[in-house]
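Coordinates as given in final.csv (CSV, C-alpha atoms):
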```csv
chain,number,residue,atom,x,y,z
A,1,MET,CA,-58.7,102.9,-50.9
A,2,ALA,CA,-56.7,100.1,-52.5
A,3,ASP,CA,-53.4,101.8,-51.6
A,4,ASN,CA,-54.4,101.8,-48.0
A,5,GLN,CA,-55.1,98.1,-47.8
A,6,PRO,CA,-51.7,96.8,-46.6
A,7,GLN,CA,-51.7,99.5,-43.8
A,8,ILE,CA,-55.2,98.8,-42.6
A,9,ASP,CA,-54.7,95.1,-42.8
A,10,ASP,CA,-51.5,95.4,-40.6
A,11,LEU,CA,-53.3,97.6,-38.1
A,12,VAL,CA,-56.2,95.2,-37.8
A,13,ARG,CA,-53.9,92.1,-37.5
A,14,VAL,CA,-51.8,93.7,-34.8
A,15,ALA,CA,-54.8,95.1,-32.8
A,16,ALA,CA,-56.5,91.7,-33.0
A,17,PHE,CA,-53.3,90.0,-31.9
A,18,ARG,CA,-53.0,92.3,-28.8
A,19,ALA,CA,-56.7,91.7,-27.9
A,20,ILE,CA,-56.3,88.0,-28.1
A,21,TYR,CA,-53.1,88.1,-26.1
A,22,SER,CA,-55.2,89.9,-23.4
A,23,GLY,CA,-57.9,87.2,-23.6
A,24,GLU,CA,-60.4,89.0,-25.7
A,25,ALA,CA,-62.1,87.9,-29.0
A,26,PRO,CA,-62.8,91.4,-30.5
A,27,SER,CA,-65.5,92.1,-33.0
A,28,PRO,CA,-64.7,94.1,-36.1
A,29,GLU,CA,-66.7,97.0,-34.5
A,30,VAL,CA,-64.5,96.9,-31.4
A,31,LEU,CA,-61.4,96.9,-33.6
A,32,ALA,CA,-62.7,99.8,-35.7
A,33,ASP,CA,-63.4,101.8,-32.5
A,34,ARG,CA,-59.9,101.1,-31.1
A,35,LEU,CA,-58.2,102.0,-34.4
A,36,THR,CA,-60.5,104.9,-35.1
A,37,LYS,CA,-61.1,103.5,-38.6
A,38,PRO,CA,-64.4,103.2,-40.5
A,39,ILE,CA,-66.1,99.9,-39.8
A,40,VAL,CA,-66.4,99.2,-43.6
A,41,GLU,CA,-62.6,99.3,-43.9
A,42,VAL,CA,-62.0,97.1,-40.9
A,43,ARG,CA,-64.5,94.5,-42.0
A,44,ALA,CA,-62.9,94.4,-45.4
A,45,ALA,CA,-59.4,94.0,-43.8
A,46,VAL,CA,-60.8,91.2,-41.6
A,47,GLY,CA,-62.0,89.5,-44.8
A,48,ARG,CA,-58.7,89.8,-46.5
A,49,LEU,CA,-56.8,88.6,-43.5
A,50,ILE,CA,-59.1,85.5,-43.3
A,51,ASP,CA,-58.5,84.9,-47.0
A,52,ARG,CA,-54.7,85.0,-46.4
A,53,GLY,CA,-55.0,82.6,-43.4
A,54,LEU,CA,-53.8,85.3,-41.0
A,55,LEU,CA,-57.0,85.7,-39.0
A,56,THR,CA,-59.7,83.4,-37.7
A,57,VAL,CA,-63.2,84.2,-36.5
A,58,ASP,CA,-65.9,82.4,-34.5
A,59,SER,CA,-69.5,81.9,-35.7
A,60,GLY,CA,-70.4,85.3,-34.4
A,61,GLY,CA,-67.7,87.0,-36.4
A,62,ASN,CA,-65.5,87.8,-33.4
A,63,VAL,CA,-61.7,87.4,-34.1
A,64,THR,CA,-60.4,84.4,-32.2
A,65,GLY,CA,-56.9,84.1,-33.9
A,66,SER,CA,-54.5,86.6,-35.4
A,67,HIS,CA,-50.9,86.3,-36.6
A,68,GLY,CA,-50.4,82.8,-35.0
A,69,LEU,CA,-52.0,83.5,-31.6
A,70,SER,CA,-55.4,82.0,-30.8
A,71,LEU,CA,-58.1,81.6,-28.2
A,72,SER,CA,-59.3,78.4,-29.9
A,73,PRO,CA,-57.8,75.1,-28.5
A,74,GLY,CA,-55.2,73.5,-30.8
A,75,ASP,CA,-52.1,71.3,-30.8
A,76,TYR,CA,-49.8,74.0,-29.3
A,77,ARG,CA,-50.8,75.4,-25.9
A,78,LEU,CA,-49.0,78.3,-24.3
A,79,THR,CA,-49.5,79.3,-20.7
A,80,PHE,CA,-48.6,82.9,-20.0
A,81,ASP,CA,-48.9,84.8,-16.7
A,82,LEU,CA,-52.3,86.0,-17.9
A,83,GLY,CA,-53.7,82.6,-18.9
A,84,GLU,CA,-53.8,80.0,-21.6
A,85,ARG,CA,-53.6,80.7,-25.3
A,86,TYR,CA,-53.0,78.6,-28.3
A,87,VAL,CA,-50.8,79.0,-31.4
A,88,TRP,CA,-50.9,77.6,-34.9
A,89,CYS,CA,-47.5,76.0,-35.2
A,90,ALA,CA,-44.2,75.3,-33.4
A,91,VAL,CA,-42.5,78.4,-34.7
A,92,ASP,CA,-45.4,80.5,-33.2
A,93,ALA,CA,-45.0,78.6,-29.9
A,94,VAL,CA,-41.4,79.7,-29.5
A,95,GLY,CA,-41.4,82.9,-31.6
A,96,ILE,CA,-44.3,84.7,-30.0
A,97,PRO,CA,-43.0,84.6,-26.4
A,98,ALA,CA,-39.5,85.4,-27.7
A,99,ALA,CA,-40.7,88.5,-29.6
A,100,MET,CA,-42.6,89.7,-26.6
A,101,ALA,CA,-39.8,88.8,-24.1
A,102,VAL,CA,-42.3,87.1,-21.8
A,103,ASN,CA,-42.5,83.9,-19.8
A,104,ALA,CA,-44.4,81.0,-21.2
A,105,LYS,CA,-44.9,77.3,-20.7
A,106,VAL,CA,-45.3,75.5,-24.1
A,107,GLU,CA,-47.1,72.1,-24.4
A,108,SER,CA,-47.4,70.1,-27.6
A,109,ARG,CA,-46.2,66.8,-29.1
A,110,CYS,CA,-43.5,65.3,-31.2
A,111,TYR,CA,-44.8,65.1,-34.8
A,112,GLN,CA,-42.8,61.9,-35.4
A,113,CYS,CA,-43.6,59.8,-32.3
A,114,GLY,CA,-46.4,61.6,-30.5
A,115,ARG,CA,-44.4,62.0,-27.3
A,116,SER,CA,-45.4,65.0,-25.1
A,117,VAL,CA,-43.2,68.1,-25.6
A,118,ARG,CA,-42.9,70.6,-22.9
A,119,LEU,CA,-40.8,73.7,-22.9
A,120,THR,CA,-40.2,76.7,-20.6
A,121,ILE,CA,-39.5,80.2,-22.0
A,122,ARG,CA,-38.2,82.9,-19.6
A,123,ASP,CA,-38.1,86.5,-20.7
A,124,GLY,CA,-38.3,85.3,-24.3
A,125,HIS,CA,-35.5,82.7,-24.1
A,126,PRO,CA,-36.0,78.9,-24.3
A,127,GLN,CA,-34.7,77.3,-21.0
A,128,GLY,CA,-33.6,73.9,-19.7
A,129,PRO,CA,-32.5,70.7,-21.4
A,130,GLU,CA,-35.5,70.7,-23.7
A,131,ALA,CA,-34.3,73.9,-25.3
A,132,ASP,CA,-31.2,72.0,-26.4
A,133,SER,CA,-32.8,68.8,-27.5
A,134,LEU,CA,-36.1,69.9,-29.2
A,135,ARG,CA,-36.1,70.6,-32.9
A,136,ILE,CA,-38.6,72.2,-35.3
A,137,GLY,CA,-39.1,70.9,-38.8
A,138,LEU,CA,-39.9,73.4,-41.5
A,139,GLY,CA,-41.5,71.6,-44.4
A,140,VAL,CA,-42.6,72.8,-47.8
A,141,THR,CA,-45.8,71.7,-49.3
A,142,GLY,CA,-46.2,71.3,-53.1
A,143,SER,CA,-49.7,72.7,-53.3
A,144,SER,CA,-50.9,76.0,-51.8
A,145,THR,CA,-54.2,77.8,-51.2
A,146,GLY,CA,-52.3,80.9,-50.2
A,147,LYS,CA,-53.5,80.6,-46.6
A,148,VAL,CA,-50.8,80.7,-43.9
A,149,ILE,CA,-52.9,78.7,-41.4
A,150,GLU,CA,-53.7,76.0,-43.9
A,151,ASP,CA,-50.5,75.7,-46.0
A,152,VAL,CA,-47.6,76.9,-43.8
A,153,CYS,CA,-48.5,76.2,-40.2
A,154,PRO,CA,-49.2,72.4,-40.6
A,155,MET,CA,-45.6,72.1,-41.9
A,156,LEU,CA,-43.9,73.7,-38.9
A,157,ASN,CA,-43.8,71.0,-36.2
A,158,PHE,CA,-41.9,70.1,-33.0
A,159,PHE,CA,-39.7,67.0,-32.8
A,160,CYS,CA,-38.4,65.6,-29.5
A,161,SER,CA,-35.0,64.9,-30.9
A,162,GLN,CA,-32.7,65.6,-33.9
A,163,GLU,CA,-33.1,62.0,-34.9
A,164,HIS,CA,-36.9,62.2,-35.2
A,165,ALA,CA,-36.6,65.5,-37.0
A,166,GLU,CA,-34.1,63.9,-39.5
A,167,ALA,CA,-36.4,60.9,-40.0
A,168,TRP,CA,-39.3,63.2,-40.8
A,169,ALA,CA,-37.2,65.4,-43.1
A,170,ALA,CA,-36.0,62.4,-45.1
A,171,SER,CA,-39.6,61.5,-45.9
A,172,ALA,CA,-40.9,65.1,-46.2
A,173,GLY,CA,-38.9,66.0,-49.3
A,174,SER,CA,-38.0,69.6,-49.0
A,175,ALA,CA,-37.5,70.4,-45.3
A,176,THR,CA,-35.2,72.2,-43.0
A,177,ILE,CA,-34.5,71.5,-39.3
A,178,ILE,CA,-33.9,74.4,-36.8
A,179,ASP,CA,-33.2,74.5,-33.1
A,180,LEU,CA,-35.3,76.5,-30.7
A,181,TYR,CA,-32.8,79.4,-30.5
A,182,GLN,CA,-33.1,79.9,-34.2
A,183,ALA,CA,-36.9,79.8,-33.9
A,184,ALA,CA,-36.8,82.4,-31.1
A,185,GLU,CA,-34.7,84.7,-33.3
A,186,MET,CA,-37.1,84.2,-36.2
A,187,GLY,CA,-39.9,85.1,-33.9
A,188,ARG,CA,-38.3,88.3,-32.7
A,189,ARG,CA,-38.2,89.4,-36.4
A,190,GLN,CA,-41.6,88.0,-37.4
A,191,TRP,CA,-43.6,89.5,-34.4
A,192,ALA,CA,-41.6,92.7,-34.0
A,193,ASP,CA,-44.7,94.7,-34.9
A,194,VAL,CA,-46.8,93.4,-32.0
A,195,VAL,CA,-44.3,94.3,-29.3
```

Will you turn the file into structure tokens for me?
Amino acid sequence: MADNQPQIDDLVRVAAFRAIYSGEAPSPEVLADRLTKPIVEVRAAVGRLIDRGLLTVDSGGNVTGSHGLSLSPGDYRLTFDLGERYVWCAVDAVGIPAAMAVNAKVESRCYQCGRSVRLTIRDGHPQGPEADSLRIGLGVTGSSTGKVIEDVCPMLNFFCSQEHAEAWAASAGSATIIDLYQAAEMGRRQWADVV
């Protein structure tokens, strides 16, 4: 069974992502049924994905977040044609709509000054003047629990300008600044399996 773990984990992660995108918080039983996999394997996969910070669940055990996309309110809100969803970081906010080639409105804030950040994505491509001015800072943390949602996501933030991103990067130590077009391309690779 150990050899099958990466495969079942990926299947569960993708099935949960698709359910959340559709507005559903699936239970492990629902995921097992959709994947035609034994419930014991799906529950084990859910546990492993939670341990890696790639899945979140509510108090009833229903999956509320998967691979960056969430039903739980957070700092990054996306409005799709089918409703509001949330994501775990700025790269998710641009990358997920880019990978899916969909329209989305992104709302967040500048990590440096707190100013509201709004962005339109059409057919997976960032649009308007904001697409040219906004930046994303990619920081590296010194300590790690091994959980994506706890270690990686808090270090991937929007900045309203190159200057604010550079000011943050200067104090952050090891950091990289990317534009939204680079984030969209990253997303197309990162979320290729959910399309």

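For the choices A:Cys160, A:Leu134, A:Val152, A:Leu71, the atom-to-atom distance to Tyr111 of chain A is smallest for A:Cys160 when using all atoms listed in the file.
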
Point-to-point distance from atom CA of Gln112 of chain A to atom CA of Ile178 of chain A, Å rounded to tenths: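 Calculated distance between atom CA of Gln112 of chain A and atom CA of Ile178 of chain A is 15.4 Å.
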
Please build the interface table for segment 4-46 of chain A against segment 99-110 of chain A with a cut-off of 12 Å, listing for each qualifying residue the nearest atom pair and the distance in Å to one decimal; count only C-alpha atoms, order rows by chain and increasing number, and write it as a Markdown table.
```
| residue | atom | partner | partner_atom | distance |
| --- | --- | --- | --- | --- |
| A:Phe17 | CA | A:Met100 | CA | 11.9 |
| A:Arg18 | CA | A:Met100 | CA | 10.9 |
| A:Tyr21 | CA | A:Met100 | CA | 10.6 |
```

Who sits within 10 Å of Glu185 of chain A, all atoms listed in the file, same chain under 5 positions skipped, as a list in words: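 In the requested format, the answer is Val94, Gly95, Ala98, Ala99, Gly124, His125, Leu180 and Gln190 of chain A.
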
d(atom CA of Ala184 of chain A, atom CA of Gly114 of chain A) in Å: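 Computing the Euclidean distance for atom CA of Ala184 of chain A and atom CA of Gly114 of chain A yields 22.9 Å.
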
Selection near Arg43 of chain A, 9 Å with all atoms listed in the file, sequence-local residues under 5 positions removed, as a PyMOL selection string: chain A and resi 28-29+32+38+48

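Remark: for Ser174 of chain A, the closest of the candidate residues A:Leu49, A:Val12, A:Cys89, A:Met155 is A:Met155 (distances computed over only C-alpha atoms).
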
Selected residue, from A:Arg115, A:Thr176, A:Arg122, A:Ala165, that lies nearest to Phe80 of chain A when counting all atoms listed in the file: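 The closest residue to Phe80 of chain A is A:Arg122.
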
Between atom CA of Pro97 of chain A and atom CA of Ile8 of chain A, distance in Å (one decimal): 24.8 Å

Residues near Gly139 of chain A, cut-off 12 Å, all atoms listed in the file, skip fewer than 3 positions along chain, as an MDAnalysis selection string: chainID A and resid 89:91 136 142 151:158 165:166 168:178

Option closest in space to Val194 of chain A, from A:Thr79, A:Ser66, A:Ser27, A:Ser59 [counting all atoms listed in the file]: A:Ser66

Polymer residues at most 10 Å from (-63.4, 89.2, -26.9) by all atoms listed in the file, as a short mmCIF file (atom, residue, chain, number, x, y, z; two decimals) with C-alpha atoms, in the frame of the given file:
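In the end it all went to point-v3.cif:
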```cif
data_model
loop_
_atom_site.label_atom_id
_atom_site.label_comp_id
_atom_site.auth_asym_id
_atom_site.auth_seq_id
_atom_site.Cartn_x
_atom_site.Cartn_y
_atom_site.Cartn_z
CA ALA A 16 -56.50 91.70 -33.00
CA ALA A 19 -56.70 91.70 -27.90
CA ILE A 20 -56.30 88.00 -28.10
CA SER A 22 -55.20 89.90 -23.40
CA GLY A 23 -57.90 87.20 -23.60
CA GLU A 24 -60.40 89.00 -25.70
CA ALA A 25 -62.10 87.90 -29.00
CA PRO A 26 -62.80 91.40 -30.50
CA SER A 27 -65.50 92.10 -33.00
CA VAL A 30 -64.50 96.90 -31.40
CA ASN A 62 -65.50 87.80 -33.40
CA VAL A 63 -61.70 87.40 -34.10
CA THR A 64 -60.40 84.40 -32.20
CA LEU A 71 -58.10 81.60 -28.20
#
```

Which of A:Asp193, A:Asp123, A:Gly83, A:Arg188 sits closest to Leu11 of chain A [using all atoms listed in the file]: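 Among the listed residues, the smallest separation from Leu11 of chain A belongs to A:Asp193.
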
Among listed residues A:Glu84, A:Asp75, A:Asp132, A:Asp92, nearest Ser116 of chain A (using only C-alpha atoms):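 Checking each candidate against Ser116 of chain A, we get A:Asp75 as the closest.
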
Could I get segment 57-74 of chain A rebuilt with N, CA and C atoms, written as a short mmCIF file (atom, residue, chain, number, x, y, z; two decimals), keeping the file's coordinate frame?
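Now in out-v8.cif:
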```
data_model
loop_
_atom_site.label_atom_id
_atom_site.label_comp_id
_atom_site.auth_asym_id
_atom_site.auth_seq_id
_atom_site.Cartn_x
_atom_site.Cartn_y
_atom_site.Cartn_z
N VAL A 57 -62.05 83.68 -37.17
CA VAL A 57 -63.20 84.20 -36.50
C VAL A 57 -64.11 83.12 -36.00
N ASP A 58 -64.92 83.40 -34.98
CA ASP A 58 -65.90 82.40 -34.50
C ASP A 58 -67.20 82.61 -35.31
N SER A 59 -68.21 81.83 -34.99
CA SER A 59 -69.50 81.90 -35.70
C SER A 59 -70.17 83.23 -35.62
N GLY A 60 -69.85 84.01 -34.59
CA GLY A 60 -70.40 85.30 -34.40
C GLY A 60 -69.63 86.44 -35.10
N GLY A 61 -68.51 86.07 -35.73
CA GLY A 61 -67.70 87.00 -36.40
C GLY A 61 -66.62 87.69 -35.55
N ASN A 62 -66.50 87.27 -34.29
CA ASN A 62 -65.50 87.80 -33.40
C ASN A 62 -64.12 87.15 -33.76
N VAL A 63 -63.07 87.93 -33.72
CA VAL A 63 -61.70 87.40 -34.10
C VAL A 63 -61.21 86.57 -32.92
N THR A 64 -60.87 85.32 -33.24
CA THR A 64 -60.40 84.40 -32.20
C THR A 64 -58.89 84.02 -32.46
N GLY A 65 -58.35 84.38 -33.62
CA GLY A 65 -56.90 84.10 -33.90
C GLY A 65 -56.37 85.16 -34.82
N SER A 66 -55.13 85.56 -34.52
CA SER A 66 -54.50 86.60 -35.40
C SER A 66 -52.96 86.35 -35.32
N HIS A 67 -52.36 86.28 -36.51
CA HIS A 67 -50.90 86.30 -36.60
C HIS A 67 -50.29 85.14 -35.77
N GLY A 68 -50.98 83.98 -35.73
CA GLY A 68 -50.40 82.80 -35.00
C GLY A 68 -50.97 82.61 -33.62
N LEU A 69 -51.52 83.61 -32.98
CA LEU A 69 -52.00 83.50 -31.60
C LEU A 69 -53.51 83.30 -31.62
N SER A 70 -54.01 82.38 -30.78
CA SER A 70 -55.40 82.00 -30.80
C SER A 70 -56.01 81.76 -29.46
N LEU A 71 -57.31 81.95 -29.38
CA LEU A 71 -58.10 81.60 -28.20
C LEU A 71 -58.69 80.18 -28.36
N SER A 72 -58.68 79.66 -29.58
CA SER A 72 -59.30 78.40 -29.90
C SER A 72 -58.30 77.24 -29.60
N PRO A 73 -58.71 76.21 -28.84
CA PRO A 73 -57.80 75.10 -28.50
C PRO A 73 -57.22 74.46 -29.78
N GLY A 74 -55.94 74.11 -29.66
CA GLY A 74 -55.20 73.50 -30.80
C GLY A 74 -54.09 72.62 -30.25
#
```
